[in-house]
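Participant: Provided herewith: query12.cif, mmCIF, C-alpha atoms (C1' of nucleotides).
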data_final
#
loop_
_atom_site.label_atom_id
_atom_site.label_comp_id
_atom_site.auth_asym_id
_atom_site.auth_seq_id
_atom_site.Cartn_x
_atom_site.Cartn_y
_atom_site.Cartn_z
CA MET K 1 -174.26 -63.56 126.56
CA ALA K 2 -171.57 -62.79 124.10
CA ASN K 3 -169.81 -60.19 126.21
CA CYS K 4 -166.39 -61.00 124.91
CA SER K 5 -164.12 -59.18 122.51
CA VAL K 6 -164.17 -62.17 120.19
CA ALA K 7 -167.74 -61.18 119.39
CA ALA K 8 -166.68 -57.55 118.94
CA SER K 9 -164.06 -58.66 116.44
CA ILE K 10 -166.55 -60.73 114.54
CA ASP K 11 -168.87 -57.76 114.28
CA VAL K 12 -166.15 -56.03 112.27
CA VAL K 13 -164.88 -58.92 110.17
CA GLY K 14 -167.89 -61.16 110.37
CA THR K 15 -168.30 -62.26 106.80
CA ARG K 16 -166.32 -64.64 104.67
CA SER K 17 -165.56 -61.94 102.13
CA ALA K 18 -164.33 -59.49 104.77
CA ILE K 19 -161.71 -61.91 106.07
CA LEU K 20 -160.68 -62.85 102.55
CA ILE K 21 -160.34 -59.18 101.58
CA LEU K 22 -158.25 -58.59 104.67
CA ARG K 23 -156.08 -61.60 103.88
CA GLU K 24 -155.40 -60.19 100.43
CA ALA K 25 -154.64 -56.77 101.87
CA ILE K 26 -152.14 -58.36 104.24
CA PHE K 27 -150.68 -60.28 101.33
CA GLY K 28 -150.10 -57.02 99.52
CA THR K 29 -153.13 -56.38 97.34
CA ARG K 30 -154.04 -52.71 97.00
CA ARG K 31 -156.28 -52.16 94.01
CA PHE K 32 -159.99 -52.78 93.61
CA GLU K 33 -159.74 -54.98 90.53
CA ASP K 34 -157.09 -57.15 92.17
CA PHE K 35 -159.24 -57.67 95.24
CA VAL K 36 -162.12 -58.75 93.03
CA HIS K 37 -160.03 -61.22 91.03
CA ARG K 38 -157.84 -62.65 93.77
CA VAL K 39 -160.55 -63.05 96.35
CA GLY K 40 -162.92 -64.40 93.73
CA ILE K 41 -165.99 -62.40 94.70
CA GLY K 42 -168.25 -60.09 92.75
CA GLU K 43 -167.64 -56.39 92.41
CA PRO K 44 -170.61 -55.32 94.56
CA ALA K 45 -169.43 -57.49 97.45
CA ALA K 46 -165.86 -56.23 97.13
CA ALA K 47 -166.98 -52.61 97.06
CA ALA K 48 -169.21 -53.07 100.10
CA ARG K 49 -166.54 -54.87 102.11
CA LEU K 50 -163.79 -52.38 101.23
CA LYS K 51 -166.08 -49.55 102.27
CA GLU K 52 -166.90 -51.23 105.58
CA LEU K 53 -163.31 -52.12 106.38
CA THR K 54 -162.28 -48.56 105.56
CA ALA K 55 -165.03 -47.19 107.79
CA ALA K 56 -163.92 -49.54 110.57
CA GLY K 57 -160.39 -48.21 110.27
CA LEU K 58 -158.59 -51.32 109.04
CA LEU K 59 -157.99 -49.93 105.58
CA GLU K 60 -157.27 -46.47 104.33
CA ARG K 61 -158.26 -45.16 100.92
CA VAL K 62 -155.32 -43.17 99.58
CA PRO K 63 -154.93 -41.50 96.20
CA TYR K 64 -152.03 -42.43 93.96
CA GLN K 65 -151.02 -41.72 90.41
CA GLU K 66 -149.02 -43.79 88.00
CA PRO K 67 -147.20 -41.77 85.33
CA GLY K 68 -149.47 -41.21 82.36
CA GLN K 69 -152.50 -42.36 84.31
CA ARG K 70 -155.20 -40.44 86.07
CA THR K 71 -155.29 -40.32 89.86
CA ARG K 72 -156.78 -43.41 91.42
CA HIS K 73 -157.30 -44.73 94.91
CA GLU K 74 -155.76 -47.73 96.55
CA TYR K 75 -156.50 -49.42 99.86
CA GLN K 76 -153.67 -49.53 102.36
CA LEU K 77 -153.61 -51.36 105.65
CA THR K 78 -153.65 -49.18 108.74
CA THR K 79 -151.97 -50.18 111.99
CA LYS K 80 -155.30 -51.58 113.10
CA GLY K 81 -155.45 -53.67 109.96
CA MET K 82 -151.83 -54.79 110.34
CA ASP K 83 -152.62 -55.90 113.86
CA PHE K 84 -155.10 -58.33 112.39
CA GLN K 85 -152.24 -60.38 110.97
CA PRO K 86 -152.10 -62.90 113.81
CA VAL K 87 -155.70 -63.89 113.07
CA VAL K 88 -154.94 -64.47 109.41
CA HIS K 89 -151.75 -66.38 110.19
CA ALA K 90 -153.59 -68.49 112.73
CA LEU K 91 -156.28 -69.34 110.16
CA LEU K 92 -153.60 -70.08 107.58
CA GLN K 93 -151.74 -72.31 109.99
CA TRP K 94 -154.84 -74.20 111.08
CA GLY K 95 -156.05 -74.62 107.52
CA SER K 96 -152.67 -75.87 106.34
CA LYS K 97 -152.60 -78.45 109.08
CA TRP K 98 -156.17 -79.69 109.01
CA GLU K 99 -157.80 -78.80 105.72
CA THR K 100 -155.54 -80.17 103.04
CA ASP K 101 -155.34 -77.76 100.19
CA GLU K 102 -154.78 -79.15 96.73
CA ALA K 103 -151.55 -77.34 95.87
CA GLY K 104 -150.10 -76.44 99.24
CA PRO K 105 -149.94 -72.89 100.52
CA PRO K 106 -149.51 -70.59 97.53
CA LEU K 107 -147.70 -67.98 99.55
CA ARG K 108 -144.90 -68.11 102.08
CA ALA K 109 -144.75 -65.67 104.95
CA THR K 110 -141.23 -65.03 106.14
CA HIS K 111 -139.43 -62.86 108.66
CA ARG K 112 -138.00 -59.98 106.69
CA ALA K 113 -134.84 -59.83 108.80
CA CYS K 114 -133.83 -63.49 108.70
CA GLY K 115 -135.89 -65.16 106.00
CA ALA K 116 -137.32 -67.89 108.18
CA ALA K 117 -140.98 -68.90 107.88
CA VAL K 118 -143.35 -67.26 110.34
CA GLY K 119 -146.30 -68.65 112.24
CA VAL K 120 -148.24 -67.90 115.39
CA ARG K 121 -147.66 -69.35 118.82
CA ILE K 122 -149.54 -69.16 122.06
CA ARG K 123 -147.27 -67.63 124.66
CA CYS K 124 -147.68 -66.55 128.26
CA ASP K 125 -146.48 -63.29 129.73
CA ALA K 126 -143.73 -65.15 131.56
CA GLY K 127 -142.29 -66.07 128.18
CA HIS K 128 -143.22 -69.74 128.00
CA ASP K 129 -144.56 -71.36 124.87
CA VAL K 130 -147.96 -72.73 125.79
CA ASP K 131 -149.60 -75.81 124.32
CA PRO K 132 -153.31 -75.38 123.48
CA GLY K 133 -154.06 -78.00 126.12
CA ASP K 134 -152.19 -76.07 128.83
CA VAL K 135 -154.33 -72.96 128.67
CA ALA K 136 -156.59 -72.49 131.68
CA ILE K 137 -159.65 -70.31 131.32
CA GLU K 138 -160.77 -68.60 134.50
CA PRO K 139 -163.62 -66.24 135.29
CA GLY K 140 -162.53 -62.64 135.19
CA PRO K 141 -164.43 -59.40 135.88
CA GLY K 142 -167.80 -59.31 134.18
CA LEU K 143 -168.31 -63.01 133.63
CA ILE K 144 -171.78 -64.06 132.68
CA THR K 145 -173.02 -66.12 135.56
CA VAL K 146 -174.99 -69.06 134.32
CA SER K 147 -177.85 -70.17 136.49
CA MET L 148 -158.62 -67.40 93.11
CA ALA L 149 -158.93 -68.22 96.72
CA ASN L 150 -156.47 -71.09 96.66
CA CYS L 151 -155.26 -70.52 100.16
CA SER L 152 -155.89 -72.42 103.34
CA VAL L 153 -157.39 -69.33 104.90
CA ALA L 154 -160.35 -69.89 102.60
CA ALA L 155 -160.44 -73.58 103.52
CA SER L 156 -160.60 -72.62 107.18
CA ILE L 157 -163.40 -70.19 106.55
CA ASP L 158 -165.38 -72.87 104.77
CA VAL L 159 -165.39 -74.77 108.05
CA VAL L 160 -165.87 -71.95 110.54
CA GLY L 161 -167.35 -69.36 108.21
CA THR L 162 -170.22 -68.02 110.25
CA ARG L 163 -170.37 -65.80 113.27
CA SER L 164 -172.17 -68.46 115.28
CA ALA L 165 -169.64 -71.17 114.40
CA ILE L 166 -166.74 -69.13 115.75
CA LEU L 167 -168.73 -68.16 118.83
CA ILE L 168 -169.67 -71.79 119.48
CA LEU L 169 -166.04 -72.74 119.11
CA ARG L 170 -164.98 -69.97 121.46
CA GLU L 171 -167.37 -71.28 124.08
CA ALA L 172 -166.15 -74.84 123.55
CA ILE L 173 -162.59 -73.66 124.09
CA PHE L 174 -163.73 -71.76 127.16
CA GLY L 175 -165.12 -74.99 128.57
CA THR L 176 -168.76 -75.21 127.55
CA ARG L 177 -169.96 -78.73 126.86
CA ARG L 178 -173.73 -78.89 126.96
CA PHE L 179 -176.29 -77.86 124.38
CA GLU L 180 -178.28 -75.55 126.63
CA ASP L 181 -175.16 -73.77 127.79
CA PHE L 182 -174.05 -73.14 124.23
CA VAL L 183 -177.44 -71.64 123.46
CA HIS L 184 -177.42 -69.35 126.49
CA ARG L 185 -173.78 -68.29 126.53
CA VAL L 186 -173.44 -67.69 122.83
CA GLY L 187 -176.80 -65.97 122.73
CA ILE L 188 -178.19 -67.67 119.64
CA GLY L 189 -181.35 -69.65 119.00
CA GLU L 190 -181.62 -73.37 119.45
CA PRO L 191 -181.90 -74.20 115.74
CA ALA L 192 -178.73 -72.26 114.94
CA ALA L 193 -176.87 -73.90 117.82
CA ALA L 194 -178.00 -77.38 116.76
CA ALA L 195 -176.98 -76.77 113.15
CA ARG L 196 -173.58 -75.38 114.07
CA LEU L 197 -172.83 -78.13 116.59
CA LYS L 198 -173.74 -80.73 114.00
CA GLU L 199 -171.51 -79.10 111.38
CA LEU L 200 -168.55 -78.67 113.72
CA THR L 201 -168.94 -82.28 114.82
CA ALA L 202 -169.07 -83.44 111.20
CA ALA L 203 -165.97 -81.35 110.44
CA GLY L 204 -164.15 -83.07 113.31
CA LEU L 205 -163.64 -80.12 115.65
CA LEU L 206 -166.10 -81.40 118.22
CA GLU L 207 -166.97 -84.88 119.35
CA ARG L 208 -170.37 -85.90 120.65
CA VAL L 209 -169.78 -88.15 123.64
CA PRO L 210 -172.35 -89.72 125.95
CA TYR L 211 -172.19 -89.06 129.66
CA GLN L 212 -174.43 -89.72 132.61
CA GLU L 213 -174.87 -87.79 135.81
CA PRO L 214 -176.03 -89.91 138.75
CA GLY L 215 -179.82 -90.09 138.82
CA GLN L 216 -180.05 -88.69 135.30
CA ARG L 217 -180.50 -90.33 131.97
CA THR L 218 -177.60 -90.58 129.57
CA ARG L 219 -176.99 -87.41 127.63
CA HIS L 220 -174.47 -86.19 125.11
CA GLU L 221 -171.93 -83.46 125.47
CA TYR L 222 -169.64 -81.82 122.94
CA GLN L 223 -165.94 -82.17 123.57
CA LEU L 224 -163.15 -80.49 121.66
CA THR L 225 -161.02 -82.80 119.56
CA THR L 226 -157.35 -82.14 118.88
CA LYS L 227 -158.42 -80.43 115.68
CA GLY L 228 -160.73 -78.20 117.68
CA MET L 229 -158.08 -77.49 120.29
CA ASP L 230 -155.72 -76.46 117.53
CA PHE L 231 -158.15 -73.71 116.67
CA GLN L 232 -157.24 -71.92 119.89
CA PRO L 233 -154.69 -69.56 118.33
CA VAL L 234 -157.41 -68.16 116.07
CA VAL L 235 -159.70 -67.49 119.02
CA HIS L 236 -156.91 -65.98 121.08
CA ALA L 237 -155.87 -63.81 118.15
CA LEU L 238 -159.44 -62.55 117.73
CA LEU L 239 -159.69 -61.97 121.47
CA GLN L 240 -156.43 -60.06 121.49
CA TRP L 241 -157.31 -57.93 118.50
CA GLY L 242 -160.77 -57.19 119.84
CA SER L 243 -159.44 -56.24 123.26
CA LYS L 244 -156.99 -53.82 121.71
CA TRP L 245 -159.14 -52.20 119.04
CA GLU L 246 -162.79 -52.75 119.84
CA THR L 247 -163.31 -51.48 123.35
CA ASP L 248 -165.64 -53.75 125.19
CA GLU L 249 -167.81 -52.27 127.91
CA ALA L 250 -166.75 -54.47 130.83
CA GLY L 251 -163.33 -55.67 129.77
CA PRO L 252 -162.64 -59.29 128.94
CA PRO L 253 -164.92 -61.47 131.04
CA LEU L 254 -162.50 -64.36 131.05
CA ARG L 255 -158.79 -64.63 131.64
CA ALA L 256 -156.73 -67.19 129.80
CA THR L 257 -153.65 -68.26 131.73
CA HIS L 258 -150.80 -70.71 131.42
CA ARG L 259 -151.72 -73.65 133.61
CA ALA L 260 -148.15 -74.21 134.72
CA CYS L 261 -147.21 -70.68 135.76
CA GLY L 262 -150.43 -68.68 135.95
CA ALA L 263 -149.34 -65.91 133.60
CA ALA L 264 -151.76 -64.51 131.03
CA VAL L 265 -151.50 -65.98 127.56
CA GLY L 266 -151.72 -64.42 124.13
CA VAL L 267 -150.55 -65.10 120.60
CA ARG L 268 -147.38 -63.90 118.97
CA ILE L 269 -146.07 -64.05 115.47
CA ARG L 270 -142.78 -65.92 115.51
CA CYS L 271 -140.38 -67.13 112.88
CA ASP L 272 -138.82 -70.58 112.72
CA ALA L 273 -135.50 -69.10 113.78
CA GLY L 274 -137.12 -68.16 117.08
CA HIS L 275 -137.45 -64.41 116.64
CA ASP L 276 -140.53 -62.51 117.66
CA VAL L 277 -141.82 -60.84 114.50
CA ASP L 278 -143.63 -57.55 114.30
CA PRO L 279 -146.65 -57.53 111.93
CA GLY L 280 -144.79 -55.02 109.80
CA ASP L 281 -141.75 -57.27 109.45
CA VAL L 282 -143.53 -60.13 107.75
CA ALA L 283 -142.65 -60.55 104.08
CA ILE L 284 -145.07 -62.37 101.81
CA GLU L 285 -143.49 -64.14 98.88
CA PRO L 286 -144.90 -66.24 96.09
CA GLY L 287 -144.69 -69.93 96.82
CA PRO L 288 -145.67 -73.01 94.80
CA GLY L 289 -149.12 -72.66 93.27
CA LEU L 290 -149.49 -68.92 93.39
CA ILE L 291 -152.29 -67.47 91.37
CA THR L 292 -150.67 -65.49 88.62
CA VAL L 293 -152.60 -62.35 87.99
CA SER L 294 -152.64 -61.13 84.42
"C1'" DG D 295 -164.20 -33.36 72.91
"C1'" DG D 296 -164.71 -38.34 72.12
"C1'" DG D 297 -162.90 -42.64 73.48
"C1'" DC D 298 -160.98 -45.60 76.84
"C1'" DT D 299 -160.34 -47.78 81.39
"C1'" DG D 300 -160.45 -48.77 86.14
"C1'" DA D 301 -163.49 -48.13 89.80
"C1'" DC D 302 -167.27 -48.35 91.24
"C1'" DT D 303 -173.04 -48.36 91.59
"C1'" DT D 304 -177.63 -50.14 90.52
"C1'" DC D 305 -180.81 -53.75 89.65
"C1'" DT D 306 -182.65 -58.22 90.20
"C1'" DG D 307 -182.81 -62.57 92.05
"C1'" DT D 308 -181.07 -66.48 94.90
"C1'" DT D 309 -179.12 -68.48 98.89
"C1'" DT D 310 -177.84 -68.57 103.60
"C1'" DG D 311 -178.24 -67.29 108.48
"C1'" DC D 312 -180.93 -66.60 112.00
"C1'" DC D 313 -185.06 -65.70 114.80
"C1'" DT D 314 -189.45 -67.05 117.36
"C1'" DA D 315 -192.70 -70.31 118.44
"C1'" DA D 316 -194.18 -74.75 118.65
"C1'" DG D 317 -193.61 -79.39 118.42
"C1'" DT D 318 -191.09 -84.16 119.31
"C1'" DC D 319 -188.48 -87.54 121.69
"C1'" DA D 320 -185.86 -90.35 125.06
"C1'" DG D 321 -185.51 -92.04 129.23
"C1'" DA D 322 -185.18 -91.47 134.40
"C1'" DT D 323 -188.54 -90.25 138.20
"C1'" DT D 324 -193.04 -90.86 140.46
"C1'" DA N 325 -198.50 -95.29 133.16
"C1'" DA N 326 -197.90 -90.37 133.50
"C1'" DT N 327 -194.69 -86.67 134.07
"C1'" DC N 328 -190.79 -84.00 133.53
"C1'" DT N 329 -186.58 -82.20 131.38
"C1'" DG N 330 -182.85 -81.40 128.43
"C1'" DA N 331 -181.93 -81.90 123.71
"C1'" DC N 332 -183.15 -81.31 119.94
"C1'" DT N 333 -186.44 -80.70 115.14
"C1'" DT N 334 -189.92 -78.43 112.31
"C1'" DA N 335 -192.33 -74.52 110.40
"C1'" DG N 336 -192.66 -69.88 108.87
"C1'" DG N 337 -190.65 -65.67 108.00
"C1'" DC N 338 -187.29 -61.74 107.81
"C1'" DA N 339 -182.75 -59.76 106.69
"C1'" DA N 340 -178.18 -59.99 105.12
"C1'" DA N 341 -174.73 -61.84 101.85
"C1'" DC N 342 -173.69 -62.61 97.38
"C1'" DA N 343 -173.78 -63.33 92.22
"C1'" DG N 344 -174.30 -61.63 87.39
"C1'" DA N 345 -175.27 -58.20 84.19
"C1'" DA N 346 -175.51 -53.65 83.04
"C1'" DG N 347 -174.99 -48.81 83.81
"C1'" DT N 348 -172.31 -44.60 85.53
"C1'" DC N 349 -168.48 -41.68 86.19
"C1'" DA N 350 -163.88 -39.45 86.27
"C1'" DG N 351 -160.22 -37.91 83.93
"C1'" DC N 352 -156.00 -38.84 80.95
"C1'" DC N 353 -154.99 -39.52 75.97
"C1'" DC N 354 -155.41 -38.35 71.40
#
Please express what this file holds, its structure, as structure tokens.

Facilitator:
Amino acid sequence: MANCSVAASIDVVGTRSAILILREAIFGTRRFEDFVHRVGIGEPAAAARLKELTAAGLLERVPYQEPGQRTRHEYQLTTKGMDFQPVVHALLQWGSKWETDEAGPPLRATHRACGAAVGVRIRCDAGHDVDPGDVAIEPGPGLITVS
Amino acid sequence: MANCSVAASIDVVGTRSAILILREAIFGTRRFEDFVHRVGIGEPAAAARLKELTAAGLLERVPYQEPGQRTRHEYQLTTKGMDFQPVVHALLQWGSKWETDEAGPPLRATHRACGAAVGVRIRCDAGHDVDPGDVAIEPGPGLITVS
DNA sequence: GGGCTGACTTCTGTTTGCCTAAGTCAGATT
DNA sequence: AATCTGACTTAGGCAAACAGAAGTCAGCCC
């Protein structure tokens, strides 16, 4: 059946709101209220998703205190959460190309060192850029054999 | 709110079964029955998803005929569907790294020309490989201004 | 110590996703 | 004409996802 790590990934970030929350986290959102407003979901959904993503280890709930304010908690990306960036960039890239958005991408992702726009590419271990059509899928260990 | 093409993408491939169907399509599955068995979902869900993905232009329903059989239809990836590959590879890569799968990845994706394994990388337009931590997100045209 | 505020939680109700089981249907085979 | 098969559709039901409104709670400020 679905014995593939794509399915495992989807078990963690399987809902629309989870991916959207993660996108916002990657884009720099930290606070509960901001997640609710920017993602455009209700508070119960935001709370549930933040709790799940924290439990799954993609976010970390850390206390912080602004001067003159009480201590609060914000949600920071862990390494595991950071590693999810290629998925978000791939979705962003595909959506920009195929699903025309009214106002164009509202955010620009750039390489901090040189300022150029970033995107994702398929690449092989030998260092070649690979076109989607030039990827060969072969049976590996544990393939489901179909009758 | 969610004025970002990530959300637009999710509107098209928002469900677990849609992504799984697409994964199988990218991995070479063409026929209805095979989608049902390999993805591990029920026939109604498969039919609904295939219809939606076809309507959205990621799959194309083309007739074919095996000798001695009646004409049937199979689902072929369009260019738009092929372009979704980076998302699937990114999910695969993330899942392989962080969500340990019992038997390891059942399929190997390789570069047809050289045989090396393929994966996705974040890259900037200047040609640098970019670490997830070195991506800067900046406001672009149409950013939601938060009060 | 009462008010204020951001961060939730609880409640209720609707919609969506998906399952199983049981049809239907087209068209090649007999 | 009857049968078979792969590709669906229909029916009925359960569970998860989500929204909106309202309540709770912690702790700094005054």

Participant: Please report as a PyMOL selection string which residues of chain D come no farther than 8 Å from chain K, using only C-alpha atoms (C1' of nucleotides).

Facilitator: chain D and resi 300-303

Participant: Please evaluate the PyMOL selection byres ((chain L and resi 277) around 12) against the displayed coordinates and give the resulting residues as a PyMOL selection string.

Facilitator: (chain K and resi 83+85-86+109-121) or (chain L and resi 267-276+278-283)

Participant: Please identify all polymer residues within 12 Å of DA345 (chain N), counting all atoms listed in the file, omitting same-chain residues fewer than 4 positions from it, and present them as JSON, numbers by chain.

Facilitator: {"K": [42, 43, 44], "D": [304, 305, 306, 307]}

Participant: Neighbouring residues of Asp11 (chain K) were defined as those with any atom within 10 Å, considering only C-alpha atoms (C1' of nucleotides); residues of the same chain fewer than 5 positions away were excluded. Please report them as a ChimeraX atom specification.

Facilitator: /K:5-6 /L:163,242,246

Participant: Can you list what the PyMOL selection byres ((chain N) within 7 of (chain K)) grabs from this structure, as a ChimeraX atom specification?

Facilitator: /N:342-343,351-352

Participant: Here is a test: counting all atoms listed in the file, which residue of K:Gly28, K:Glu66, K:Arg49, K:Ala18 is nearest to chain L?

Facilitator: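 Distance minimum relative to chain L lands on K:Gly28.
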
Participant: Which residue out of L:Leu169, L:Cys151, L:Val209, L:Leu197 has the minimum interatomic distance to chain K when only C-alpha atoms are used?

Facilitator: L:Cys151

Participant: With all Cα atoms paired residue by residue, do a least-squares superposition of chain K on chain L and hand back the transformed coordinates as a compact mmCIF listing (two decimals) with C-alpha atoms, in the coordinates of the input.

Facilitator:
# COMPACT_ATOMS: atom_id res chain seq x y z
CA MET K 1 -158.55 -67.19 93.15
CA ALA K 2 -158.86 -68.12 96.75
CA ASN K 3 -156.40 -71.00 96.64
CA CYS K 4 -155.19 -70.50 100.15
CA SER K 5 -155.83 -72.43 103.33
CA VAL K 6 -157.35 -69.35 104.91
CA ALA K 7 -160.30 -69.91 102.60
CA ALA K 8 -160.37 -73.60 103.51
CA SER K 9 -160.56 -72.66 107.17
CA ILE K 10 -163.36 -70.24 106.55
CA ASP K 11 -165.32 -72.93 104.76
CA VAL K 12 -165.37 -74.84 108.04
CA VAL K 13 -165.90 -72.01 110.50
CA GLY K 14 -167.38 -69.47 108.16
CA THR K 15 -170.29 -68.16 110.15
CA ARG K 16 -170.45 -65.90 113.15
CA SER K 17 -172.24 -68.54 115.20
CA ALA K 18 -169.68 -71.24 114.36
CA ILE K 19 -166.79 -69.18 115.70
CA LEU K 20 -168.77 -68.19 118.76
CA ILE K 21 -169.70 -71.82 119.44
CA LEU K 22 -166.07 -72.78 119.08
CA ARG K 23 -165.01 -69.99 121.42
CA GLU K 24 -167.41 -71.29 124.05
CA ALA K 25 -166.18 -74.84 123.55
CA ILE K 26 -162.62 -73.65 124.08
CA PHE K 27 -163.76 -71.75 127.14
CA GLY K 28 -165.15 -74.97 128.56
CA THR K 29 -168.79 -75.17 127.55
CA ARG K 30 -170.01 -78.70 126.87
CA ARG K 31 -173.78 -78.86 126.98
CA PHE K 32 -176.34 -77.82 124.39
CA GLU K 33 -178.34 -75.51 126.64
CA ASP K 34 -175.19 -73.73 127.78
CA PHE K 35 -174.09 -73.13 124.21
CA VAL K 36 -177.48 -71.64 123.43
CA HIS K 37 -177.47 -69.31 126.44
CA ARG K 38 -173.83 -68.26 126.48
CA VAL K 39 -173.48 -67.70 122.78
CA GLY K 40 -176.84 -65.97 122.66
CA ILE K 41 -178.21 -67.68 119.57
CA GLY K 42 -181.38 -69.63 118.92
CA GLU K 43 -181.65 -73.36 119.41
CA PRO K 44 -181.95 -74.20 115.70
CA ALA K 45 -178.74 -72.32 114.91
CA ALA K 46 -176.90 -73.94 117.81
CA ALA K 47 -178.04 -77.41 116.80
CA ALA K 48 -177.02 -76.86 113.18
CA ARG K 49 -173.61 -75.46 114.08
CA LEU K 50 -172.84 -78.18 116.63
CA LYS K 51 -173.76 -80.80 114.05
CA GLU K 52 -171.53 -79.20 111.42
CA LEU K 53 -168.58 -78.74 113.74
CA THR K 54 -168.95 -82.35 114.87
CA ALA K 55 -169.08 -83.52 111.26
CA ALA K 56 -165.98 -81.44 110.49
CA GLY K 57 -164.16 -83.13 113.35
CA LEU K 58 -163.66 -80.18 115.68
CA LEU K 59 -166.12 -81.45 118.25
CA GLU K 60 -167.00 -84.90 119.41
CA ARG K 61 -170.40 -85.93 120.73
CA VAL K 62 -169.82 -88.16 123.74
CA PRO K 63 -172.37 -89.69 126.08
CA TYR K 64 -172.20 -88.97 129.79
CA GLN K 65 -174.40 -89.61 132.77
CA GLU K 66 -174.80 -87.66 135.95
CA PRO K 67 -175.95 -89.73 138.94
CA GLY K 68 -179.73 -89.90 139.02
CA GLN K 69 -179.98 -88.52 135.50
CA ARG K 70 -180.50 -90.22 132.20
CA THR K 71 -177.63 -90.52 129.74
CA ARG K 72 -177.03 -87.37 127.76
CA HIS K 73 -174.51 -86.17 125.23
CA GLU K 74 -171.96 -83.44 125.55
CA TYR K 75 -169.67 -81.84 122.98
CA GLN K 76 -165.96 -82.16 123.61
CA LEU K 77 -163.18 -80.51 121.68
CA THR K 78 -161.04 -82.82 119.58
CA THR K 79 -157.37 -82.17 118.89
CA LYS K 80 -158.44 -80.47 115.69
CA GLY K 81 -160.74 -78.23 117.66
CA MET K 82 -158.07 -77.52 120.28
CA ASP K 83 -155.72 -76.51 117.51
CA PHE K 84 -158.15 -73.76 116.65
CA GLN K 85 -157.25 -71.96 119.87
CA PRO K 86 -154.70 -69.61 118.32
CA VAL K 87 -157.41 -68.20 116.05
CA VAL K 88 -159.71 -67.53 118.97
CA HIS K 89 -156.92 -66.02 121.06
CA ALA K 90 -155.87 -63.85 118.14
CA LEU K 91 -159.45 -62.59 117.72
CA LEU K 92 -159.70 -62.01 121.46
CA GLN K 93 -156.44 -60.12 121.50
CA TRP K 94 -157.32 -57.96 118.52
CA GLY K 95 -160.79 -57.24 119.84
CA SER K 96 -159.47 -56.30 123.27
CA LYS K 97 -157.03 -53.88 121.74
CA TRP K 98 -159.18 -52.26 119.08
CA GLU K 99 -162.84 -52.81 119.84
CA THR K 100 -163.36 -51.56 123.36
CA ASP K 101 -165.70 -53.84 125.18
CA GLU K 102 -167.89 -52.35 127.87
CA ALA K 103 -166.73 -54.45 130.81
CA GLY K 104 -163.31 -55.67 129.77
CA PRO K 105 -162.60 -59.27 128.90
CA PRO K 106 -164.89 -61.46 130.99
CA LEU K 107 -162.47 -64.34 130.98
CA ARG K 108 -158.75 -64.64 131.56
CA ALA K 109 -156.69 -67.22 129.74
CA THR K 110 -153.65 -68.29 131.69
CA HIS K 111 -150.80 -70.76 131.38
CA ARG K 112 -151.74 -73.68 133.58
CA ALA K 113 -148.15 -74.27 134.69
CA CYS K 114 -147.21 -70.74 135.73
CA GLY K 115 -150.41 -68.73 135.92
CA ALA K 116 -149.33 -65.97 133.58
CA ALA K 117 -151.73 -64.56 130.99
CA VAL K 118 -151.47 -66.05 127.52
CA GLY K 119 -151.69 -64.45 124.11
CA VAL K 120 -150.54 -65.14 120.58
CA ARG K 121 -147.37 -63.93 118.95
CA ILE K 122 -146.05 -64.07 115.44
CA ARG K 123 -142.78 -65.96 115.48
CA CYS K 124 -140.36 -67.17 112.84
CA ASP K 125 -138.81 -70.61 112.67
CA ALA K 126 -135.49 -69.14 113.74
CA GLY K 127 -137.11 -68.22 117.04
CA HIS K 128 -137.44 -64.47 116.62
CA ASP K 129 -140.53 -62.56 117.64
CA VAL K 130 -141.79 -60.88 114.50
CA ASP K 131 -143.63 -57.57 114.32
CA PRO K 132 -146.64 -57.56 111.95
CA GLY K 133 -144.78 -55.01 109.85
CA ASP K 134 -141.72 -57.26 109.49
CA VAL K 135 -143.50 -60.11 107.77
CA ALA K 136 -142.63 -60.48 104.09
CA ILE K 137 -145.04 -62.29 101.83
CA GLU K 138 -143.46 -64.03 98.87
CA PRO K 139 -144.87 -66.10 96.04
CA GLY K 140 -144.65 -69.79 96.76
CA PRO K 141 -145.64 -72.83 94.68
CA GLY K 142 -149.07 -72.48 93.13
CA LEU K 143 -149.42 -68.72 93.28
CA ILE K 144 -152.21 -67.26 91.25
CA THR K 145 -150.53 -65.22 88.58
CA VAL K 146 -152.41 -62.03 87.99
CA SER K 147 -152.39 -60.72 84.47

Participant: Name all residues at most 10 Å from Leu59 (chain K) (count all atoms listed in the file; drop same-chain ones fewer than 3 positions away) and give them as a count of residues only.

Facilitator: 20

Participant: Using all atoms listed in the file for the distances, tell me which of K:Arg23, K:Lys97, K:Arg38, K:Arg61 is nearest to chain L.

Facilitator: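 Ranked by minimum distance to chain L, first place goes to K:Arg38.
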
Participant: Measure the distance from CA of Trp94 (chain K) to CA of Ser156 (chain L) in Å and round it to one decimal.

Facilitator: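 It comes out at 7.1 Å.
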
Participant: My list of candidates is K:Leu91, K:Ala48, K:Leu107, K:Ile26. Which is closest to Ala154 (chain L) when distances are computed with all atoms listed in the file?

Facilitator: K:Leu91

Participant: Which is closest to chain K among L:Val160, L:Val186, L:Ile168, L:Leu205, if we use all atoms listed in the file?

Facilitator: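 The answer is L:Val186, which sits nearest to chain K.
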
Participant: What is the C1' of DT308 (chain D)-CA of Glu24 (chain K) distance in Å, reported with one decimal?

Facilitator: 27.0 Å

Participant: Considering only C-alpha atoms, state which residue in the set K:Val36, K:Ile137, K:Val12, K:Ile19 is at the smallest distance from chain L.

Facilitator: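 For chain L, the nearest of the candidates is K:Ile137.
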